[in-house]
Amino acid sequence: MRATASVLHLDLDAFFASVEQRDKPSLRGKPVVVGGVGARGVVATASYEARAFGVRSAMAGGEARRRAPYAAFLSSRFAAYQQSSRIVMALLREYSPRVEALSLDEAFVDLAAGDVDCSSVEGLQVLAERLRAQVVERTEGLTASVGIGSSKFMAKVASELGKPDGLHVVRPGTEVATIAPLPVRAIPGVGPVSEEKLHRLGIHTVADVQRASLTELTRELGASWAAGLHGFAFARDDRPVESERETKSISVEDTFETDLVDRGELETILDRDAEVVVARLRRHGFFARTVTIKVRFADFTTHTRSRSFIGGTDSVERVARAGRDLLAGLDLREGVRLLGIGVSGFVGAAQEELFEVESDDSGVVTSSVTGSAADGSGGDGQADERSVDQHRGGPFGRRRDRGFMPGVEVEHDELGRGWVWGTGLGRVTVRFETRLTPHGPVRSFLDDDPQLTRAVDLLPMAWEPPEPADESPAPPAE
Ligand code: TTP
Ligand code: MG
């Protein structure tokens, strides 16, 4: 923890849904759900208007529809979210060179590493309000919540307290009191499993952790985790802000209580870890060129094996398959103590041709392909951001190639640009409006109408970030 409040955390409000409302004027102020479109889709996020009906991230689409039947359910448009994310990240880099992006819509900024005077809280408030106003201006309407504090933990807690569309500064000296009433889930690293364990110990809030004895925590959680948890409860956090370019790899590893020799079992673990790794990769909006596995044997010798692709991938299937292939090259009979899988060699996801290269995998990655083909709506929570591009010229029937999923942008030869409002029974309904127009009219077409096509490019933003080099990590030197 630092003496001044020099760590800033920014998190865009209802990010995907806000981009949709910005780009679709008739949806502003209305309940909007992104994801959950297909039969088995999952909600990626919901606008605050939809949250009022109880719709939440990760909720099944069917449940979300029951709660908010009149909401607009849209498939995600990854390229549009990425365009706005890049604008925000570039803006943050104007404040400090040390910006750590946690996902497309969330980042830490080390103000002390920039040219910022952090000595006065009032001064920081002025700076943060200016930053928030610039976010609205440069993204043409998105809002951000900002938190400032003396560590990453404090800054994150602060932005949560500021949400939505607000600012909160945790004054140095008030950290421990600020976090005391929060649920244990607010502590970094406390997920559902640790939360459950702590609840069983009667520990529900950070104040409960403060009161618990370290001995008791150690008994239940192990020494290192107990010490970390206890430290966080007293606001001890000196984790550095690491700029995006320093994020060179994402990996997960498991150490086993007894050495494993069964290849099938190890492959299953590898598959599961590949899913975790790829989920994190996608949250960063990256594609990876290299897959690495790490195997430590019973005698503690450690082996790593890598494989690289020509283009980047964010396919669970490809990463897992590469991992299995690499594992196949190792003799496991001695027994495996530790198994890890990681991805590196990140490239930005905005390269269209990558989707074409990837299209072989879409049947596996886009889990709702069969489920949603019948209703023609396509898309599925986490995966539909990809299917937008993969369906074009991909391995699907001609109809699906048109990719008219709810929410996607289309162009009509005479009526101009709009977005797909709904599909079904061989028809497509389009609302003709964009970010730059007032509410537009609605028209229906046969879904093979030659005058109607998917819009290829995004509408440019008035302010585009300086190109490019430093917006996604460079591929590793060969
Ligand atoms: P969050 O910042 O967690 O959520 P949010 O921006 O939608 O809402 P809030 O105002 O509470 O910050 O996530 C950012 C985006 O990441 C979100 O808009 C959609 C996407 N996302 C997923 O795709 N899957 C998920 O499980 C979550 C939590 C988010
Ligand atoms: Mg957010």
# chains A, B, ... in the order shown; residues from 1 in each chain; ligands from 1
$ residues_around --residues "Ala322 (chain A)" --least-positions-apart "3" --cutoff "12 Å" --atoms "only C-alpha atoms" --output "JSON list (two decimals) with N, CA, C and O atoms, in the first residue's frame"
[["chain", "number", "residue", "atom", "x", "y", "z"],
["A", 267, "GLU", "N", -5.00, -35.45, -19.82],
["A", 267, "GLU", "CA", -5.59, -34.75, -20.98],
["A", 267, "GLU", "C", -6.87, -34.01, -20.58],
["A", 267, "GLU", "O", -7.13, -32.89, -21.04],
["A", 270, "LEU", "N", -5.86, -30.94, -18.87],
["A", 270, "LEU", "CA", -5.35, -30.00, -19.86],
["A", 270, "LEU", "C", -6.49, -29.30, -20.60],
["A", 270, "LEU", "O", -6.47, -28.09, -20.82],
["A", 271, "ASP", "N", -7.49, -30.06, -20.96],
["A", 271, "ASP", "CA", -8.65, -29.49, -21.66],
["A", 271, "ASP", "C", -9.33, -28.42, -20.80],
["A", 271, "ASP", "O", -9.67, -27.35, -21.26],
["A", 274, "ALA", "N", -7.19, -25.41, -20.54],
["A", 274, "ALA", "CA", -7.18, -24.66, -21.80],
["A", 274, "ALA", "C", -8.40, -23.73, -21.85],
["A", 274, "ALA", "O", -8.32, -22.59, -22.31],
["A", 289, "ARG", "N", -0.51, -16.83, -30.47],
["A", 289, "ARG", "CA", 0.14, -17.60, -31.53],
["A", 289, "ARG", "C", 0.84, -18.84, -30.99],
["A", 289, "ARG", "O", 1.16, -19.74, -31.74],
["A", 290, "THR", "N", 1.12, -18.87, -29.71],
["A", 290, "THR", "CA", 1.93, -19.97, -29.18],
["A", 290, "THR", "C", 1.24, -20.64, -27.99],
["A", 290, "THR", "O", 0.68, -19.96, -27.13],
["A", 291, "VAL", "N", 1.27, -21.94, -27.98],
["A", 291, "VAL", "CA", 0.75, -22.72, -26.85],
["A", 291, "VAL", "C", 1.93, -23.45, -26.22],
["A", 291, "VAL", "O", 2.76, -24.02, -26.93],
["A", 292, "THR", "N", 2.01, -23.38, -24.90],
["A", 292, "THR", "CA", 3.11, -24.03, -24.19],
["A", 292, "THR", "C", 2.54, -24.93, -23.10],
["A", 292, "THR", "O", 1.58, -24.54, -22.43],
["A", 293, "ILE", "N", 3.10, -26.11, -22.96],
["A", 293, "ILE", "CA", 2.74, -26.90, -21.78],
["A", 293, "ILE", "C", 3.97, -27.06, -20.90],
["A", 293, "ILE", "O", 5.10, -26.95, -21.37],
["A", 305, "ARG", "N", 7.14, -27.55, -23.47],
["A", 305, "ARG", "CA", 7.06, -27.81, -24.92],
["A", 305, "ARG", "C", 6.13, -26.75, -25.51],
["A", 305, "ARG", "O", 5.10, -26.45, -24.92],
["A", 306, "SER", "N", 6.51, -26.22, -26.66],
["A", 306, "SER", "CA", 5.68, -25.17, -27.28],
["A", 306, "SER", "C", 5.36, -25.49, -28.72],
["A", 306, "SER", "O", 6.10, -26.21, -29.39],
["A", 307, "ARG", "N", 4.26, -24.92, -29.16],
["A", 307, "ARG", "CA", 3.90, -25.01, -30.57],
["A", 307, "ARG", "C", 3.31, -23.66, -30.98],
["A", 307, "ARG", "O", 2.56, -23.06, -30.22],
["A", 308, "SER", "N", 3.66, -23.19, -32.18],
["A", 308, "SER", "CA", 3.12, -21.91, -32.64],
["A", 308, "SER", "C", 2.26, -22.08, -33.89],
["A", 308, "SER", "O", 2.51, -22.97, -34.71],
["A", 309, "PHE", "N", 1.25, -21.22, -34.00],
["A", 309, "PHE", "CA", 0.40, -21.20, -35.18],
["A", 309, "PHE", "C", 0.87, -20.07, -36.10],
["A", 309, "PHE", "O", 1.57, -19.16, -35.67],
["A", 313, "THR", "N", -4.85, -17.44, -32.31],
["A", 313, "THR", "CA", -6.11, -18.16, -32.11],
["A", 313, "THR", "C", -6.70, -17.79, -30.76],
["A", 313, "THR", "O", -5.98, -17.41, -29.84],
["A", 315, "SER", "N", -9.28, -20.08, -29.89],
["A", 315, "SER", "CA", -10.15, -21.24, -29.89],
["A", 315, "SER", "C", -9.72, -22.22, -28.81],
["A", 315, "SER", "O", -8.57, -22.66, -28.78],
["A", 316, "VAL", "N", -10.64, -22.56, -27.92],
["A", 316, "VAL", "CA", -10.36, -23.52, -26.86],
["A", 316, "VAL", "C", -9.90, -24.83, -27.47],
["A", 316, "VAL", "O", -8.92, -25.45, -27.05],
["A", 317, "GLU", "N", -10.61, -25.20, -28.51],
["A", 317, "GLU", "CA", -10.34, -26.48, -29.18],
["A", 317, "GLU", "C", -8.91, -26.53, -29.72],
["A", 317, "GLU", "O", -8.18, -27.49, -29.51],
["A", 318, "ARG", "N", -8.49, -25.46, -30.39],
["A", 318, "ARG", "CA", -7.13, -25.46, -30.96],
["A", 318, "ARG", "C", -6.07, -25.46, -29.88],
["A", 318, "ARG", "O", -5.05, -26.12, -29.98],
["A", 319, "VAL", "N", -6.31, -24.67, -28.84],
["A", 319, "VAL", "CA", -5.32, -24.60, -27.76],
["A", 319, "VAL", "C", -5.23, -25.95, -27.05],
["A", 319, "VAL", "O", -4.15, -26.48, -26.80],
["A", 325, "ASP", "N", -1.31, -32.59, -28.11],
["A", 325, "ASP", "CA", -0.25, -33.04, -29.02],
["A", 325, "ASP", "C", 1.11, -32.93, -28.35],
["A", 325, "ASP", "O", 1.97, -33.80, -28.47],
["A", 326, "LEU", "N", 1.31, -31.83, -27.65],
["A", 326, "LEU", "CA", 2.60, -31.63, -26.99],
["A", 326, "LEU", "C", 2.79, -32.66, -25.87],
["A", 326, "LEU", "O", 3.88, -33.19, -25.68],
["A", 327, "LEU", "N", 1.70, -32.94, -25.18],
["A", 327, "LEU", "CA", 1.76, -33.93, -24.10],
["A", 327, "LEU", "C", 2.08, -35.32, -24.65],
["A", 327, "LEU", "O", 2.78, -36.11, -24.01],
["A", 328, "ALA", "N", 1.58, -35.57, -25.86],
["A", 328, "ALA", "CA", 1.78, -36.88, -26.48],
["A", 328, "ALA", "C", 3.27, -37.17, -26.69],
["A", 328, "ALA", "O", 3.69, -38.32, -26.75],
["A", 329, "GLY", "N", 4.05, -36.10, -26.79],
["A", 329, "GLY", "CA", 5.49, -36.27, -27.02],
["A", 329, "GLY", "C", 6.27, -36.57, -25.74],
["A", 329, "GLY", "O", 7.49, -36.68, -25.77],
["A", 341, "ILE", "N", -0.64, -25.27, -18.70],
["A", 341, "ILE", "CA", -0.77, -24.89, -20.11],
["A", 341, "ILE", "C", -0.89, -23.38, -20.19],
["A", 341, "ILE", "O", -1.50, -22.75, -19.32],
["A", 342, "GLY", "N", -0.23, -22.81, -21.19],
["A", 342, "GLY", "CA", -0.26, -21.36, -21.31],
["A", 342, "GLY", "C", -0.27, -20.94, -22.77],
["A", 342, "GLY", "O", 0.04, -21.72, -23.67],
["A", 343, "VAL", "N", -0.65, -19.69, -22.99],
["A", 343, "VAL", "CA", -0.60, -19.12, -24.34],
["A", 343, "VAL", "C", 0.22, -17.85, -24.31],
["A", 343, "VAL", "O", 0.28, -17.16, -23.29]]
$ closest_atom_pairs --of "region 406-469 of chain A" --to "region 69-78 of chain A" --cutoff "10 Å" --atoms "only C-alpha atoms" --output "tab-separated table"
residue	atom	partner	partner_atom	distance
A:Pro406	CA	A:Leu74	CA	5.1
A:Gly407	CA	A:Leu74	CA	4.8
A:Val408	CA	A:Arg77	CA	7.0
A:Glu409	CA	A:Arg77	CA	8.9
A:Val420	CA	A:Leu74	CA	9.0
A:Trp421	CA	A:Ala72	CA	8.3
A:Gly422	CA	A:Leu74	CA	9.2
$ write_last_selection --atoms "N, CA, C and O atoms" --output "PDB file, in the first residue's frame"
ATOM      1  N   PRO A 406     -29.674 -11.099 -34.529  1.00  0.00           N
ATOM      2  CA  PRO A 406     -30.170  -9.856 -33.938  1.00  0.00           C
ATOM      3  C   PRO A 406     -29.008  -8.971 -33.487  1.00  0.00           C
ATOM      4  O   PRO A 406     -28.091  -9.441 -32.839  1.00  0.00           O
ATOM      5  N   GLY A 407     -29.081  -7.715 -33.864  1.00  0.00           N
ATOM      6  CA  GLY A 407     -28.060  -6.765 -33.420  1.00  0.00           C
ATOM      7  C   GLY A 407     -26.993  -6.473 -34.445  1.00  0.00           C
ATOM      8  O   GLY A 407     -26.335  -5.438 -34.358  1.00  0.00           O
ATOM      9  N   VAL A 408     -26.778  -7.367 -35.418  1.00  0.00           N
ATOM     10  CA  VAL A 408     -25.675  -7.099 -36.349  1.00  0.00           C
ATOM     11  C   VAL A 408     -26.039  -5.945 -37.285  1.00  0.00           C
ATOM     12  O   VAL A 408     -27.204  -5.682 -37.562  1.00  0.00           O
ATOM     13  N   GLU A 409     -25.010  -5.284 -37.757  1.00  0.00           N
ATOM     14  CA  GLU A 409     -25.237  -4.139 -38.636  1.00  0.00           C
ATOM     15  C   GLU A 409     -25.360  -4.603 -40.084  1.00  0.00           C
ATOM     16  O   GLU A 409     -24.620  -5.474 -40.533  1.00  0.00           O
ATOM     17  N   VAL A 420     -30.097  -5.488 -37.438  1.00  0.00           N
ATOM     18  CA  VAL A 420     -31.111  -6.545 -37.456  1.00  0.00           C
ATOM     19  C   VAL A 420     -31.871  -6.539 -36.131  1.00  0.00           C
ATOM     20  O   VAL A 420     -31.298  -6.711 -35.059  1.00  0.00           O
ATOM     21  N   TRP A 421     -33.149  -6.340 -36.245  1.00  0.00           N
ATOM     22  CA  TRP A 421     -34.008  -6.241 -35.073  1.00  0.00           C
ATOM     23  C   TRP A 421     -34.530  -7.630 -34.715  1.00  0.00           C
ATOM     24  O   TRP A 421     -34.706  -7.971 -33.562  1.00  0.00           O
ATOM     25  N   GLY A 422     -34.783  -8.439 -35.770  1.00  0.00           N
ATOM     26  CA  GLY A 422     -35.244  -9.801 -35.516  1.00  0.00           C
ATOM     27  C   GLY A 422     -35.256 -10.606 -36.797  1.00  0.00           C
ATOM     28  O   GLY A 422     -35.184 -10.049 -37.891  1.00  0.00           O
TER      29      GLY A 422
END
$ residues_near_ligand --ligand "ligand 2" --cutoff "12 Å" --atoms "only C-alpha atoms and all ligand atoms" --output "PyMOL selection string"
chain A and resi 9-19+44-48+57+81+85+102-107+142-146+156+159-160+162-165+283
$ atom_distance --atom1 "CA of Leu124 (chain A)" --atom2 "CA of Arg93 (chain A)"
16.4 Å
$ atom_distance --atom1 "CA of Phe300 (chain A)" --atom2 "CA of Leu339 (chain A)"
11.9 Å
$ atom_distance --atom1 "atom 13 (O, counted along the ligand's line) of ligand 1" --atom2 "CA of Lys152 (chain A)"
17.6 Å
$ residues_around --residues "region 177-182 of chain A" --least-positions-apart "2" --cutoff "8 Å" --atoms "only C-alpha atoms" --output "PyMOL selection string"
chain A and resi 157+170+174-175+184-186+205-207+210+233+235
$ residues_around --residues "region 109-121 of chain A" --least-positions-apart "6" --cutoff "12 Å" --atoms "only C-alpha atoms" --output "PyMOL selection string"
chain A and resi 2-11+88-102+127-128+131+146-152+155-156+168-173+239-244
$ closest_residue --among "A:Val277, A:Lys30, A:Met1, A:Gly285" --to "ligand 1" --atoms "only C-alpha atoms and all ligand atoms"
A:Gly285
$ closest_residue --among "A:Glu275, A:His204, A:Arg337, A:Arg280" --to "ligand 1" --atoms "only C-alpha atoms and all ligand atoms"
A:Arg280
$ residues_around --residues "region 216-221 of chain A" --least-positions-apart "5" --cutoff "8 Å" --atoms "only C-alpha atoms" --output "PyMOL selection string"
chain A and resi 197+226-227
$ closest_residue --among "A:Leu458, A:Val32, A:Leu338, A:Leu436" --to "ligand 1" --atoms "only C-alpha atoms and all ligand atoms"
A:Val32
$ closest_residue --among "A:Gly440, A:Asp23, A:Ala298, A:Ala320" --to "Glu140 (chain A)" --atoms "only C-alpha atoms"
A:Asp23
$ select_by_dssp --residues "region 243-334 of chain A" --states "alpha helix (DSSP H)" --output "PyMOL selection string"
chain A and resi 263-284+316-328
$ closest_residue --among "A:Ala64, A:Leu161, A:Ile203, A:Ala39" --to "ligand 1" --atoms "only C-alpha atoms and all ligand atoms"
A:Leu161
$ closest_residue --among "A:Val410, A:Ala279, A:Leu446, A:Ala52" --to "Gly424 (chain A)" --atoms "only C-alpha atoms"
A:Leu446
$ residues_around --residues "Glu414 (chain A)" --least-positions-apart "2" --cutoff "12 Å" --atoms "only C-alpha atoms" --output "PDB file with N, CA, C and O atoms, in the first residue's frame"
ATOM      1  N   VAL A 410     -26.299  -4.009 -40.787  1.00  0.00           N
ATOM      2  CA  VAL A 410     -26.545  -4.376 -42.190  1.00  0.00           C
ATOM      3  C   VAL A 410     -26.605  -3.115 -43.038  1.00  0.00           C
ATOM      4  O   VAL A 410     -26.716  -1.990 -42.515  1.00  0.00           O
ATOM      5  N   GLU A 411     -26.515  -3.351 -44.354  1.00  0.00           N
ATOM      6  CA  GLU A 411     -26.685  -2.242 -45.281  1.00  0.00           C
ATOM      7  C   GLU A 411     -27.663  -2.626 -46.365  1.00  0.00           C
ATOM      8  O   GLU A 411     -27.622  -3.746 -46.885  1.00  0.00           O
ATOM      9  N   HIS A 412     -28.553  -1.694 -46.656  1.00  0.00           N
ATOM     10  CA  HIS A 412     -29.530  -1.914 -47.718  1.00  0.00           C
ATOM     11  C   HIS A 412     -29.196  -0.958 -48.850  1.00  0.00           C
ATOM     12  O   HIS A 412     -28.875   0.215 -48.598  1.00  0.00           O
ATOM     13  N   GLY A 416     -29.964   2.286 -46.807  1.00  0.00           N
ATOM     14  CA  GLY A 416     -28.766   2.626 -46.042  1.00  0.00           C
ATOM     15  C   GLY A 416     -28.492   1.658 -44.917  1.00  0.00           C
ATOM     16  O   GLY A 416     -28.822   0.474 -44.993  1.00  0.00           O
ATOM     17  N   ARG A 417     -27.915   2.219 -43.851  1.00  0.00           N
ATOM     18  CA  ARG A 417     -27.364   1.377 -42.794  1.00  0.00           C
ATOM     19  C   ARG A 417     -28.342   1.203 -41.636  1.00  0.00           C
ATOM     20  O   ARG A 417     -29.020   2.145 -41.236  1.00  0.00           O
ATOM     21  N   GLY A 418     -28.379  -0.008 -41.098  1.00  0.00           N
ATOM     22  CA  GLY A 418     -29.252  -0.274 -39.952  1.00  0.00           C
ATOM     23  C   GLY A 418     -28.781  -1.510 -39.217  1.00  0.00           C
ATOM     24  O   GLY A 418     -27.659  -1.952 -39.403  1.00  0.00           O
ATOM     25  N   PHE A 432     -33.505   1.012 -39.414  1.00  0.00           N
ATOM     26  CA  PHE A 432     -32.523   1.821 -40.127  1.00  0.00           C
ATOM     27  C   PHE A 432     -32.111   3.040 -39.304  1.00  0.00           C
ATOM     28  O   PHE A 432     -32.732   4.095 -39.376  1.00  0.00           O
ATOM     29  N   PRO A 450     -31.455  -9.665 -52.154  1.00  0.00           N
ATOM     30  CA  PRO A 450     -30.093  -9.319 -52.591  1.00  0.00           C
ATOM     31  C   PRO A 450     -29.687  -7.885 -52.244  1.00  0.00           C
ATOM     32  O   PRO A 450     -28.495  -7.562 -52.267  1.00  0.00           O
ATOM     33  N   GLN A 451     -30.664  -7.047 -51.946  1.00  0.00           N
ATOM     34  CA  GLN A 451     -30.304  -5.656 -51.628  1.00  0.00           C
ATOM     35  C   GLN A 451     -29.778  -5.503 -50.197  1.00  0.00           C
ATOM     36  O   GLN A 451     -29.295  -4.442 -49.818  1.00  0.00           O
ATOM     37  N   LEU A 452     -29.932  -6.555 -49.398  1.00  0.00           N
ATOM     38  CA  LEU A 452     -29.556  -6.463 -47.982  1.00  0.00           C
ATOM     39  C   LEU A 452     -28.288  -7.279 -47.733  1.00  0.00           C
ATOM     40  O   LEU A 452     -28.239  -8.463 -48.035  1.00  0.00           O
ATOM     41  N   THR A 453     -27.262  -6.636 -47.173  1.00  0.00           N
ATOM     42  CA  THR A 453     -26.020  -7.354 -46.858  1.00  0.00           C
ATOM     43  C   THR A 453     -25.531  -6.952 -45.465  1.00  0.00           C
ATOM     44  O   THR A 453     -25.928  -5.918 -44.923  1.00  0.00           O
TER      45      THR A 453
END
